[in-house]
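Pasted below: structure_4.pdb, PDB, C-alpha atoms.
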MODEL        1
ATOM      1  CA  MET S  83       0.000   0.000   0.000
ATOM      2  CA  GLU S  84       1.508   3.336  -1.029
ATOM      3  CA  ASN S  85       1.476   6.042   1.617
ATOM      4  CA  THR S  86       0.143   9.527   1.029
ATOM      5  CA  THR S  87       1.906  12.495   2.602
ATOM      6  CA  GLU S  88      -0.587  12.428   5.477
ATOM      7  CA  GLU S  89      -0.121   8.674   5.952
ATOM      8  CA  ALA S  90       3.654   9.166   6.053
ATOM      9  CA  ARG S  91       3.233  11.827   8.759
ATOM     10  CA  GLU S  92       1.039   9.520  10.831
ATOM     11  CA  LEU S  93       3.544   6.695  10.436
ATOM     12  CA  THR S  94       6.425   9.002  11.409
ATOM     13  CA  TRP S  95       4.651   9.989  14.626
ATOM     14  CA  PHE S  96       3.601   6.419  15.366
ATOM     15  CA  CYS S  97       7.078   4.988  14.728
ATOM     16  CA  ALA S  98       8.792   7.545  16.962
ATOM     17  CA  ASP S  99       6.352   6.894  19.830
ATOM     18  CA  LEU S 100       5.991   3.123  19.434
ATOM     19  CA  PRO S 101       8.245   2.119  22.367
ATOM     20  CA  ALA S 102       6.193   4.326  24.730
ATOM     21  CA  THR S 103       2.969   3.110  23.097
ATOM     22  CA  ARG S 104       3.996  -0.512  23.677
ATOM     23  CA  ALA S 105       4.732   0.243  27.334
ATOM     24  CA  GLU S 106       1.347   1.950  27.723
ATOM     25  CA  ALA S 107      -0.443  -0.974  26.049
ATOM     26  CA  SER S 108       1.398  -3.440  28.280
ATOM     27  CA  GLY S 109       0.354  -1.523  31.393
ATOM     28  CA  MET S 110      -3.261  -1.578  30.230
ATOM     29  CA  GLY S 111      -3.204  -5.277  29.322
ATOM     30  CA  CYS S 112      -3.804  -4.727  25.614
ATOM     31  CA  SER S 113      -0.399  -5.608  24.116
ATOM     32  CA  ALA S 114      -1.879  -8.395  21.979
ATOM     33  CA  GLU S 115      -4.352  -6.000  20.355
ATOM     34  CA  LEU S 116      -1.561  -3.497  19.634
ATOM     35  CA  GLU S 117       0.557  -6.214  18.054
ATOM     36  CA  ARG S 118      -2.442  -7.312  15.918
ATOM     37  CA  LEU S 119      -2.749  -3.733  14.651
ATOM     38  CA  LEU S 120       0.983  -3.710  13.859
ATOM     39  CA  VAL S 121       0.600  -6.929  11.866
ATOM     40  CA  GLU S 122      -2.151  -5.283   9.798
ATOM     41  CA  LEU S 123       0.017  -2.204   9.256
ATOM     42  CA  ARG S 124       3.038  -4.289   8.212
ATOM     43  CA  ALA S 125       0.923  -6.376   5.855
ATOM     44  CA  GLY S 126      -0.514  -3.251   4.257
ATOM     45  CA  THR S 127      -4.101  -4.257   4.963
ATOM     46  CA  ARG S 128      -4.804  -1.032   6.908
ATOM     47  CA  PRO S 129      -3.422   2.439   6.271
ATOM     48  CA  ALA S 130      -1.241   4.077   8.920
ATOM     49  CA  GLY S 131      -3.880   6.686   9.764
ATOM     50  CA  ALA S 132      -6.476   4.018  10.512
ATOM     51  CA  VAL S 133      -4.036   2.066  12.677
ATOM     52  CA  VAL S 134      -3.055   5.210  14.608
ATOM     53  CA  GLU S 135      -6.737   6.004  15.218
ATOM     54  CA  SER S 136      -7.337   2.447  16.439
ATOM     55  CA  VAL S 137      -4.333   2.651  18.769
ATOM     56  CA  LEU S 138      -5.546   5.955  20.214
ATOM     57  CA  VAL S 139      -8.975   4.440  20.864
ATOM     58  CA  LEU S 140      -7.396   1.276  22.295
ATOM     59  CA  LEU S 141      -5.330   3.314  24.759
ATOM     60  CA  ASP S 142      -8.177   5.744  25.488
ATOM     61  CA  LEU S 143      -6.115   8.708  24.244
ATOM     62  CA  PRO S 144      -7.478  11.834  22.559
ATOM     63  CA  ALA S 145      -7.338  11.978  18.786
ATOM     64  CA  ARG S 146      -4.358  13.792  17.355
ATOM     65  CA  PRO S 147      -5.293  16.962  15.511
ATOM     66  CA  ARG S 148      -4.668  16.829  11.809
ATOM     67  CA  GLY S 149      -1.790  19.053  10.737
ATOM     68  CA  TYR S 150      -1.270  21.123   7.650
ATOM     69  CA  THR S 151      -1.063  19.059   4.468
ATOM     70  CA  PRO S 152       0.960  20.705   1.710
ATOM     71  CA  PHE S 153      -0.129  20.794  -1.894
ATOM     72  CA  PRO S 154       1.634  18.355  -4.217
ATOM     73  CA  GLY S 155       5.097  19.664  -4.952
ATOM     74  CA  GLN S 156       5.370  21.449  -1.583
ATOM     75  CA  GLU S 157       6.435  18.408   0.404
ATOM     76  CA  SER S 158       9.585  18.661   2.488
ATOM     77  CA  THR S 159      12.870  17.976   0.812
ATOM     78  CA  PRO S 160      14.368  14.534   1.309
ATOM     79  CA  PRO S 161      16.717  14.010   4.250
ATOM     80  CA  PRO S 162      20.269  15.246   3.743
ATOM     81  CA  ALA S 163      23.017  12.858   2.698
ATOM     82  CA  GLY S 164      24.595  11.044   5.584
ATOM     83  CA  SER S 165      21.505  10.156   7.578
ATOM     84  CA  TYR S 166      19.555   6.972   8.069
ATOM     85  CA  ALA S 167      15.965   6.821   6.862
ATOM     86  CA  CYS S 168      12.904   4.690   7.417
ATOM     87  CA  PRO S 169      13.289   1.334   5.634
ATOM     88  CA  GLY S 170      11.310   1.391   2.412
ATOM     89  CA  ARG S 171      10.694   5.121   2.934
ATOM     90  CA  ARG S 172       7.342   4.272   4.515
ATOM     91  CA  CYS S 173       7.524   7.421   6.631
ATOM     92  CA  SER S 174       9.680  10.510   6.795
ATOM     93  CA  ARG S 175      11.547   9.605   9.980
ATOM     94  CA  THR S 176      15.342  10.003   9.793
ATOM     95  CA  GLU S 177      18.126   9.452  12.297
ATOM     96  CA  VAL S 178      21.723  10.624  12.421
ATOM     97  CA  ARG S 179      23.988   7.930  13.768
ATOM     98  CA  ALA S 180      26.932   8.792  15.979
ATOM     99  CA  PRO S 181      30.149   6.973  15.021
ATOM    100  CA  GLY S 182      30.260   3.557  16.637
ATOM    101  CA  SER S 183      26.632   3.560  17.713
ATOM    102  CA  PRO S 184      24.199   0.882  16.494
ATOM    103  CA  ILE S 185      22.246   1.362  13.288
ATOM    104  CA  PRO S 186      18.810   2.843  14.085
ATOM    105  CA  GLU S 187      15.898   0.452  13.700
ATOM    106  CA  CYS S 188      12.233   0.920  12.847
ATOM    107  CA  PRO S 189      10.140  -0.307  15.783
ATOM    108  CA  VAL S 190       7.050  -0.680  13.575
ATOM    109  CA  PHE S 191       8.549  -2.992  10.935
ATOM    110  CA  ASP S 192      11.487  -4.388  12.998
ATOM    111  CA  GLU S 193      13.955  -3.479  10.232
ATOM    112  CA  PRO S 194      17.160  -1.424  10.301
ATOM    113  CA  PHE S 195      17.064   2.056   8.823
ATOM    114  CA  THR S 196      18.719   2.487   5.438
ATOM    115  CA  PHE S 197      21.581   4.862   4.760
ATOM    116  CA  GLY S 198      21.022   7.548   2.208
TER     117      GLY S 198
ENDMDL
END
Would you write the structure of this file as structure tokens?
Amino acid sequence: MENTTEEARELTWFCADLPATRAEASGMGCSAELERLLVELRAGTRPAGAVVESVLVLLDLPARPRGYTPFPGQESTPPPAGSYACPGRRCSRTEVRAPGSPIPECPVFDEPFTFG
């Protein structure tokens, strides 16, 4: 499933907060449901926005306000050379790796970031 700009933003937010989200779900006893939603996201059967909404409902959190969506052609420029990016470019998350530190990983898809 190809992500729209809005879907990529949702996935970026979700990916960055997934460790805290997993901890919250574990504390509430709904880890299995969260993992089921992740399976659907990984398989491409549900868009990122729908999964994020389901997670917010699952954890009884308020809905995130929708941000500004640029017109086509006004999207942000790609990350600068020398950073690591989301595997498969599913979202816009990037990481800069300090020398000697481990390669960043995507907690949503359990894959290492790609260099580029």
Neighbours of Phe195 of chain S within 9 Å (all atoms listed in the file; same-chain residues fewer than 2 positions away dropped), as a list in words?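 Within the cut-off, the hits are Tyr166, Ala167, Cys168, Pro169, Gly170, Thr176, Glu177, Ile185, Pro186, Glu187, Cys188, Glu193 and Phe197 of chain S.
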Shortest contact to Glu106 of chain S, candidates S:Cys173, S:Leu138, S:Glu89, S:Ser183, atoms counted all atoms listed in the file, goes to S:Leu138
Once you count all atoms listed in the file, what closest atom pair and distance in Å to one decimal does each residue of segment 161-192 of chain S within 10 Å of segment 117-129 of chain S have, with rows by chain and rising residue number, as JSON lines?
{"residue": "S:Pro189", "atom": "CA", "partner": "S:Leu120", "partner_atom": "CA", "distance": 10.0}
{"residue": "S:Val190", "atom": "CA", "partner": "S:Leu120", "partner_atom": "CA", "distance": 6.8}
{"residue": "S:Phe191", "atom": "CA", "partner": "S:Arg124", "partner_atom": "CA", "distance": 6.3}
{"residue": "S:Asp192", "atom": "CA", "partner": "S:Arg124", "partner_atom": "CA", "distance": 9.7}
Deliver the residues from the most recent selection as a file, using C-alpha atoms, as a PDB file, in the frame of the given file.
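Saved as result-v5.pdb:
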ATOM      1  CA  PRO S 189      10.140  -0.307  15.783  1.00  0.00           C
ATOM      2  CA  VAL S 190       7.050  -0.680  13.575  1.00  0.00           C
ATOM      3  CA  PHE S 191       8.549  -2.992  10.935  1.00  0.00           C
ATOM      4  CA  ASP S 192      11.487  -4.388  12.998  1.00  0.00           C
TER       5      ASP S 192
END
Which of S:Gly182, S:Ser136, S:Pro194, S:Ala130 sits closest to Thr87 of chain S [using all atoms listed in the file]: S:Ala130
Could you please determine the separation between atom CA of Ala98 of chain S and atom CA of Gly111 of chain S in Å, to one decimal place? 21.5 Å
Which residue is closest to Phe96 of chain S? Choose from S:Met110, S:Ala180, S:Leu140, S:Val134 and count all atoms listed in the file.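 Checking each of S:Met110, S:Ala180, S:Leu140, S:Val134 against Phe96 of chain S, counting all atoms listed in the file, the winner is S:Val134.
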What is the distance between atom CA of Glu92 of chain S and atom CA of Ala107 of chain S, in Å to one decimal?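 Atom CA of Glu92 of chain S sits 18.5 Å away from atom CA of Ala107 of chain S.
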Which one is closest to Arg179 of chain S: S:Thr196, S:Arg91, S:Val137, S:Thr86? Count all atoms listed in the file.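 Nearest to Arg179 of chain S: S:Thr196.
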Between S:Pro184, S:Val133, S:Ala145, S:Leu93, single out the one closest to Glu115 of chain S, counting all atoms listed in the file.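 Comparing S:Pro184, S:Val133, S:Ala145, S:Leu93 against Glu115 of chain S, the winner is S:Val133.
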Rounded to one decimal, what separation in Å do you get between atom CA of Trp95 of chain S and atom CA of Pro181 of chain S?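 These atoms are spaced 25.7 Å apart.
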Which residue gives the smallest distance to Gly198 of chain S among S:Ser113, S:Ser108, S:Ser165, S:Ser174, with all atoms listed in the file counted?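 Answer, going by the shortest atom-to-atom distance: S:Ser165.
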